[in-house]
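Asker: After the structure tokens below, expect a handful of questions from me.
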Amino acid sequence: MSKQCFECNEAYSWDSGRFSKSQWLKGTGRCKTCVQATGSVGGHTGDGCGGVVTRRTDTTERYADTAGEEGANAVVYKDRLFSRGAFKNVYKGLYTSGSRRGEECVFKKFQQNLHFRPDWFDKEVAGAQRAAGLIDRFNREGTAPRRVKVRINIPSVRTTTSPETTWLVEPFIHNWTKFNSNTGFCKRNAGEVDEVMQALSHFSYHASSGQFVLSDLQGGVYRDGVILSDPIVLSREAERYGGGDLGPKGISTFFSRHHCNRFCLDSWQLPRDTNAYFAQSEGSSLLGNYGIPHKRYLYQLMPLDTLQEEDSYDSDYY
């Protein structure tokens, strides 16, 4: 037996977990997603986390803690392309078990026309885990106001059949915002949250003694902070954390365009080399694609003439 949500007109069974008990028993009930989206949260409509209102509403609390929960199953709607980024396609999905049962998620896969390595999926998960440690330290030691708490979704790697496809899966995020890219793009004259994100990138380099930079920061803005998704960790070994890890010259390029703000400290380290080796792009840049050389050719790169550099802007929201 199924019930149709009178707001989105989607039909779900009781076992799907998409209806609360009270909404299921109503003559005309709404699914959990619609109940969440139409509530007024933090002065905006629809900035909840998607799912059970009583557990995760307008805040980031607990949200990222169960993002990569082991043993939680999910299904992907392969006919529901939700977003197309610079090198990933994103599809809507639904958790069918675990603490997020009945909540929306997203399935991400590399676009077919790209050159990528199968191990990039696991490397991106490792990058998110590395980022989580630096973010935790930023929350404790950084300069951000307490009202801007930063968290991150840790994705899980899953494989579906017919045809066999590998995905990165994580909870759905509302209020999507792009803060910077792995080639140093960022919005100028932006607000407080944007400034905190640029400071987080700088702090990550300082806190890791120059080994890593958290870049390509993007995610959802909530009443008590930000939930990041799919960041790119730039390291001293290109491709260590996936195809977006542009290595030492990526770190130099990022800082060639970084402008310290009120949340950066003068005592934070900066790299000696702040030349730009890659053209600036709002979207993510990937090794071996769209003018970015493969890892083995990075040593040949010479600094760009920044006066003649042309900015290119893509849309990479995942």
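Every chain in the structure tokens has a letter given in the order shown (A, B, ...), and although residue numbers restart at 1 in each chain, ligands are simply numbered from 1 in the order shown.
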Excluding same-chain residues fewer than 5 positions from Leu134 of chain A, what lies within 10 Å of it counting only C-alpha atoms, as a PDB file with all heavy atoms, in the first residue's frame?
Answerer:
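So out25.pdb came out as:
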ATOM      1  N   ALA A 128      38.431  13.459   2.397  1.00  0.00           N
ATOM      2  CA  ALA A 128      37.390  13.983   3.284  1.00  0.00           C
ATOM      3  C   ALA A 128      37.726  13.695   4.740  1.00  0.00           C
ATOM      4  O   ALA A 128      37.477  14.521   5.626  1.00  0.00           O
ATOM      5  CB  ALA A 128      36.039  13.373   2.916  1.00  0.00           C
ATOM      6  N   GLN A 129      38.297  12.522   4.995  1.00  0.00           N
ATOM      7  CA  GLN A 129      38.697  12.184   6.359  1.00  0.00           C
ATOM      8  C   GLN A 129      39.843  13.074   6.829  1.00  0.00           C
ATOM      9  O   GLN A 129      39.873  13.510   7.980  1.00  0.00           O
ATOM     10  CB  GLN A 129      39.084  10.713   6.431  1.00  0.00           C
ATOM     11  CG  GLN A 129      37.905   9.771   6.208  1.00  0.00           C
ATOM     12  CD  GLN A 129      38.313   8.323   6.002  1.00  0.00           C
ATOM     13  OE1 GLN A 129      39.464   8.045   5.629  1.00  0.00           O
ATOM     14  NE2 GLN A 129      37.390   7.406   6.213  1.00  0.00           N
ATOM     15  N   ASN A 139      37.770  24.425  14.175  1.00  0.00           N
ATOM     16  CA  ASN A 139      36.674  24.758  15.085  1.00  0.00           C
ATOM     17  C   ASN A 139      37.177  25.030  16.496  1.00  0.00           C
ATOM     18  O   ASN A 139      36.605  25.841  17.227  1.00  0.00           O
ATOM     19  CB  ASN A 139      35.650  23.621  15.112  1.00  0.00           C
ATOM     20  CG  ASN A 139      34.799  23.572  13.850  1.00  0.00           C
ATOM     21  OD1 ASN A 139      34.528  24.592  13.221  1.00  0.00           O
ATOM     22  ND2 ASN A 139      34.373  22.371  13.468  1.00  0.00           N
ATOM     23  N   ARG A 140      38.254  24.336  16.891  1.00  0.00           N
ATOM     24  CA  ARG A 140      38.794  24.500  18.248  1.00  0.00           C
ATOM     25  C   ARG A 140      39.809  25.630  18.352  1.00  0.00           C
ATOM     26  O   ARG A 140      39.838  26.356  19.345  1.00  0.00           O
ATOM     27  CB  ARG A 140      39.447  23.191  18.709  1.00  0.00           C
ATOM     28  CG  ARG A 140      38.461  22.065  18.980  1.00  0.00           C
ATOM     29  CD  ARG A 140      39.152  20.822  19.519  1.00  0.00           C
ATOM     30  NE  ARG A 140      39.869  20.098  18.470  1.00  0.00           N
ATOM     31  CZ  ARG A 140      41.179  20.046  18.361  1.00  0.00           C
ATOM     32  NH1 ARG A 140      41.947  20.700  19.232  1.00  0.00           N
ATOM     33  NH2 ARG A 140      41.756  19.355  17.389  1.00  0.00           N
ATOM     34  N   LEU A 200      39.642  29.209   6.573  1.00  0.00           N
ATOM     35  CA  LEU A 200      39.809  27.768   6.807  1.00  0.00           C
ATOM     36  C   LEU A 200      40.852  27.192   5.859  1.00  0.00           C
ATOM     37  O   LEU A 200      41.699  26.387   6.269  1.00  0.00           O
ATOM     38  CB  LEU A 200      38.468  27.054   6.630  1.00  0.00           C
ATOM     39  CG  LEU A 200      38.503  25.518   6.594  1.00  0.00           C
ATOM     40  CD1 LEU A 200      39.120  24.945   7.870  1.00  0.00           C
ATOM     41  CD2 LEU A 200      37.105  24.952   6.374  1.00  0.00           C
ATOM     42  N   SER A 201      40.797  27.588   4.593  1.00  0.00           N
ATOM     43  CA  SER A 201      41.797  27.103   3.637  1.00  0.00           C
ATOM     44  C   SER A 201      43.202  27.508   4.076  1.00  0.00           C
ATOM     45  O   SER A 201      44.134  26.693   4.062  1.00  0.00           O
ATOM     46  CB  SER A 201      41.503  27.655   2.236  1.00  0.00           C
ATOM     47  OG  SER A 201      40.313  27.110   1.699  1.00  0.00           O
ATOM     48  N   PHE A 203      44.178  28.365   7.123  1.00  0.00           N
ATOM     49  CA  PHE A 203      44.488  27.682   8.381  1.00  0.00           C
ATOM     50  C   PHE A 203      44.942  26.249   8.147  1.00  0.00           C
ATOM     51  O   PHE A 203      45.847  25.748   8.838  1.00  0.00           O
ATOM     52  CB  PHE A 203      43.258  27.686   9.298  1.00  0.00           C
ATOM     53  CG  PHE A 203      43.437  26.930  10.581  1.00  0.00           C
ATOM     54  CD1 PHE A 203      44.018  27.527  11.687  1.00  0.00           C
ATOM     55  CD2 PHE A 203      43.024  25.599  10.688  1.00  0.00           C
ATOM     56  CE1 PHE A 203      44.193  26.831  12.876  1.00  0.00           C
ATOM     57  CE2 PHE A 203      43.198  24.892  11.859  1.00  0.00           C
ATOM     58  CZ  PHE A 203      43.785  25.505  12.956  1.00  0.00           C
ATOM     59  N   SER A 204      44.326  25.570   7.185  1.00  0.00           N
ATOM     60  CA  SER A 204      44.672  24.167   6.935  1.00  0.00           C
ATOM     61  C   SER A 204      46.133  24.027   6.523  1.00  0.00           C
ATOM     62  O   SER A 204      46.799  23.052   6.888  1.00  0.00           O
ATOM     63  CB  SER A 204      43.751  23.573   5.865  1.00  0.00           C
ATOM     64  OG  SER A 204      43.940  24.199   4.605  1.00  0.00           O
ATOM     65  N   TYR A 205      46.634  24.984   5.772  1.00  0.00           N
ATOM     66  CA  TYR A 205      48.048  24.960   5.384  1.00  0.00           C
ATOM     67  C   TYR A 205      48.929  25.182   6.607  1.00  0.00           C
ATOM     68  O   TYR A 205      49.918  24.469   6.828  1.00  0.00           O
ATOM     69  CB  TYR A 205      48.318  26.046   4.335  1.00  0.00           C
ATOM     70  CG  TYR A 205      49.757  26.106   3.861  1.00  0.00           C
ATOM     71  CD1 TYR A 205      50.212  25.264   2.851  1.00  0.00           C
ATOM     72  CD2 TYR A 205      50.662  27.008   4.423  1.00  0.00           C
ATOM     73  CE1 TYR A 205      51.530  25.312   2.416  1.00  0.00           C
ATOM     74  CE2 TYR A 205      51.983  27.063   3.998  1.00  0.00           C
ATOM     75  CZ  TYR A 205      52.412  26.210   2.991  1.00  0.00           C
ATOM     76  OH  TYR A 205      53.725  26.245   2.570  1.00  0.00           O
ATOM     77  N   ALA A 207      48.133  24.768   9.874  1.00  0.00           N
ATOM     78  CA  ALA A 207      47.975  23.716  10.875  1.00  0.00           C
ATOM     79  C   ALA A 207      48.647  22.417  10.462  1.00  0.00           C
ATOM     80  O   ALA A 207      49.012  21.599  11.313  1.00  0.00           O
ATOM     81  CB  ALA A 207      46.497  23.471  11.151  1.00  0.00           C
ATOM     82  N   SER A 208      48.814  22.201   9.160  1.00  0.00           N
ATOM     83  CA  SER A 208      49.457  20.971   8.673  1.00  0.00           C
ATOM     84  C   SER A 208      50.933  21.184   8.372  1.00  0.00           C
ATOM     85  O   SER A 208      51.566  20.348   7.726  1.00  0.00           O
ATOM     86  CB  SER A 208      48.748  20.475   7.412  1.00  0.00           C
ATOM     87  OG  SER A 208      48.894  21.400   6.342  1.00  0.00           O
ATOM     88  N   PHE A 212      49.197  20.406   3.553  1.00  0.00           N
ATOM     89  CA  PHE A 212      47.875  20.285   2.921  1.00  0.00           C
ATOM     90  C   PHE A 212      47.181  21.640   2.852  1.00  0.00           C
ATOM     91  O   PHE A 212      47.435  22.533   3.667  1.00  0.00           O
ATOM     92  CB  PHE A 212      46.973  19.324   3.704  1.00  0.00           C
ATOM     93  CG  PHE A 212      47.599  17.994   4.009  1.00  0.00           C
ATOM     94  CD1 PHE A 212      47.966  17.662   5.307  1.00  0.00           C
ATOM     95  CD2 PHE A 212      47.839  17.087   3.001  1.00  0.00           C
ATOM     96  CE1 PHE A 212      48.554  16.440   5.594  1.00  0.00           C
ATOM     97  CE2 PHE A 212      48.430  15.856   3.266  1.00  0.00           C
ATOM     98  CZ  PHE A 212      48.783  15.538   4.568  1.00  0.00           C
ATOM     99  N   VAL A 213      46.279  21.759   1.881  1.00  0.00           N
ATOM    100  CA  VAL A 213      45.376  22.906   1.790  1.00  0.00           C
ATOM    101  C   VAL A 213      43.973  22.378   1.488  1.00  0.00           C
ATOM    102  O   VAL A 213      43.795  21.617   0.524  1.00  0.00           O
ATOM    103  CB  VAL A 213      45.792  23.895   0.679  1.00  0.00           C
ATOM    104  CG1 VAL A 213      44.738  24.995   0.534  1.00  0.00           C
ATOM    105  CG2 VAL A 213      47.145  24.511   0.975  1.00  0.00           C
ATOM    106  N   LEU A 214      43.009  22.755   2.289  1.00  0.00           N
ATOM    107  CA  LEU A 214      41.617  22.421   1.991  1.00  0.00           C
ATOM    108  C   LEU A 214      41.102  23.431   0.973  1.00  0.00           C
ATOM    109  O   LEU A 214      41.086  24.637   1.236  1.00  0.00           O
ATOM    110  CB  LEU A 214      40.759  22.477   3.257  1.00  0.00           C
ATOM    111  CG  LEU A 214      41.146  21.534   4.393  1.00  0.00           C
ATOM    112  CD1 LEU A 214      40.075  21.559   5.479  1.00  0.00           C
ATOM    113  CD2 LEU A 214      41.346  20.120   3.891  1.00  0.00           C
TER     114      LEU A 214
END
Asker: List the neighbours of Ser284 of chain A out to 8 Å using only C-alpha atoms; skip same-chain residues closer than 3 positions along the sequence, and give me the result as a PyMOL selection string.
Answerer: chain A and resi 86-87+181-183+216+244+281+316
Asker: So which residues touch His294 of chain A within 12 Å, counting only C-alpha atoms, skipping near sequence neighbours fewer than 3 positions away, as a list in words?
Answerer: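 Contacts, in chain order: His115, Phe116, Arg117, Ala238, Glu239, Gly243, Gly244, Asp245, Leu246, Gly247, Ser285, Leu286, Leu287, Gly288, Asn289, Tyr290, Gly291, Tyr297, Leu298, Tyr299, Gln300 and Leu301 of chain A.
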Asker: For a quick check of understanding, using only C-alpha atoms, which of A:Val221, A:Ile251, A:Val76, A:Ile292 has the smallest distance to Glu104 of chain A?
Answerer: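 Of A:Val221, A:Ile251, A:Val76, A:Ile292, the one nearest Glu104 of chain A is A:Val76, counting only C-alpha atoms.
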Asker: From the list A:Leu270, A:Met197, A:Cys105, A:Leu304, which residue is nearest Gly142 of chain A when using only C-alpha atoms?
Answerer: A:Met197
Asker: So the first atom is atom CA of Phe254 of chain A and the second is atom CA of Leu234 of chain A; what is the distance between them in Å, to one decimal place?
Answerer: 9.2 Å
Asker: Which residue, A:Arg151, A:His206, A:Arg137, A:Arg240, has the smallest gap to Ile173 of chain A when you use only C-alpha atoms?
Answerer: A:Arg151
